[in-house]
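What follows is a short report on a single structure.
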Amino acid sequence: MENAKKKLMRQISDAAGNVLYTYNAHWVIVNRLRTRQAVFKITQICLTALSTGGFLTSVIAGIPELSWLGGFTSAIALGLNLYSLNFNLPTDIKSHTDAANDLWEVREAYKSLLCDFEELSNDEIRIKRDQITQKVSQINKKYPGTDNEAF
């Protein structure tokens, strides 16, 4: 393999590795966000149940201390709801899922290019490389980036 072709191979292999790494990072973020969403939902349900149960039990059984439990858990639920207003977890999950799905297509394009590498001229390789690079650039502009926690 001539020197220029070796350089192209190395560059394309590195770029394919970066795409694969980013693809996996998006899925790590999706899984983390889904877990966070489930925890929020379950916590909200539990707090609402405790709050309602505390108030109903205090009314039915005539135990006023239970109304404090209801009020306390209701305040925590309100705080959690206000905190979760800062997040749009379903939208974030969809954005990262879409990014990963688009990167899957790029990953496959790199694999195909590497498979066909020996049969293509350097100019053909460069054209395909530039097309794939442009696609990655479009994906990076369209979707949210990954974070340090995903790596």
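Every chain in the structure tokens has a letter given in the order shown (A, B, ...), and although residue numbers restart at 1 in each chain, ligands are simply numbered from 1 in the order shown.
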
So that I can see what lies close to range 107-110 of chain A, please list as a list in words the residues with an atom at most 7 Å from it, counting only C-alpha atoms and leaving out residues fewer than 5 positions away in the same chain.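 Close residues of range 107-110 of chain A: Ala16, Val19 and Leu20 of chain A.
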
Can you list, as a compact mmCIF listing (two decimals) with all heavy atoms, in the first residue's frame, every protein, DNA or RNA residue that comes within 9 Å of Asp147 in chain A when you count only C-alpha atoms, leaving out same-chain residues fewer than 3 positions away?
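Writing done, so here's out_19.txt:
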# COMPACT_ATOMS: atom_id res chain seq x y z
N ALA A 25 -21.76 6.78 22.95
CA ALA A 25 -21.99 7.79 23.99
C ALA A 25 -23.44 8.27 23.97
O ALA A 25 -24.05 8.48 25.03
CB ALA A 25 -21.04 8.96 23.82
N HIS A 26 -24.00 8.44 22.78
CA HIS A 26 -25.42 8.84 22.70
C HIS A 26 -26.31 7.77 23.33
O HIS A 26 -27.26 8.12 24.04
CB HIS A 26 -25.83 9.09 21.24
CG HIS A 26 -25.45 10.45 20.75
ND1 HIS A 26 -26.04 11.61 21.19
CD2 HIS A 26 -24.52 10.84 19.85
CE1 HIS A 26 -25.51 12.65 20.59
NE2 HIS A 26 -24.57 12.21 19.76
N ILE A 29 -26.16 8.05 27.06
CA ILE A 29 -26.98 9.18 27.52
C ILE A 29 -28.46 8.81 27.48
O ILE A 29 -29.20 9.11 28.43
CB ILE A 29 -26.70 10.43 26.67
CG1 ILE A 29 -25.28 10.94 26.93
CG2 ILE A 29 -27.72 11.53 26.96
CD1 ILE A 29 -24.82 12.03 25.98
N ALA A 150 -20.97 10.51 29.69
CA ALA A 150 -21.21 9.43 28.74
C ALA A 150 -19.91 8.73 28.33
O ALA A 150 -19.94 7.61 27.86
CB ALA A 150 -21.93 9.95 27.50
N PHE A 151 -18.79 9.42 28.48
CA PHE A 151 -17.51 8.83 28.13
C PHE A 151 -16.95 8.16 29.34
O PHE A 151 -16.17 7.40 29.43
CB PHE A 151 -16.54 9.90 27.61
CG PHE A 151 -16.97 10.49 26.29
CD1 PHE A 151 -17.53 11.74 26.21
CD2 PHE A 151 -16.82 9.76 25.12
CE1 PHE A 151 -17.92 12.28 25.00
CE2 PHE A 151 -17.20 10.30 23.90
CZ PHE A 151 -17.75 11.55 23.85

Using only C-alpha atoms, find the one residue out of A:Asn140, A:Leu80, A:Ile127, A:Ser13 that sits nearest to Cys115 in chain A. A:Ser13

To test your reading of the structure, identify every residue in chain A that backbone DSSP assigns to alpha helix (DSSP H), and report it as a ChimeraX atom specification. /A:3-61,65-84,89-116,122-142
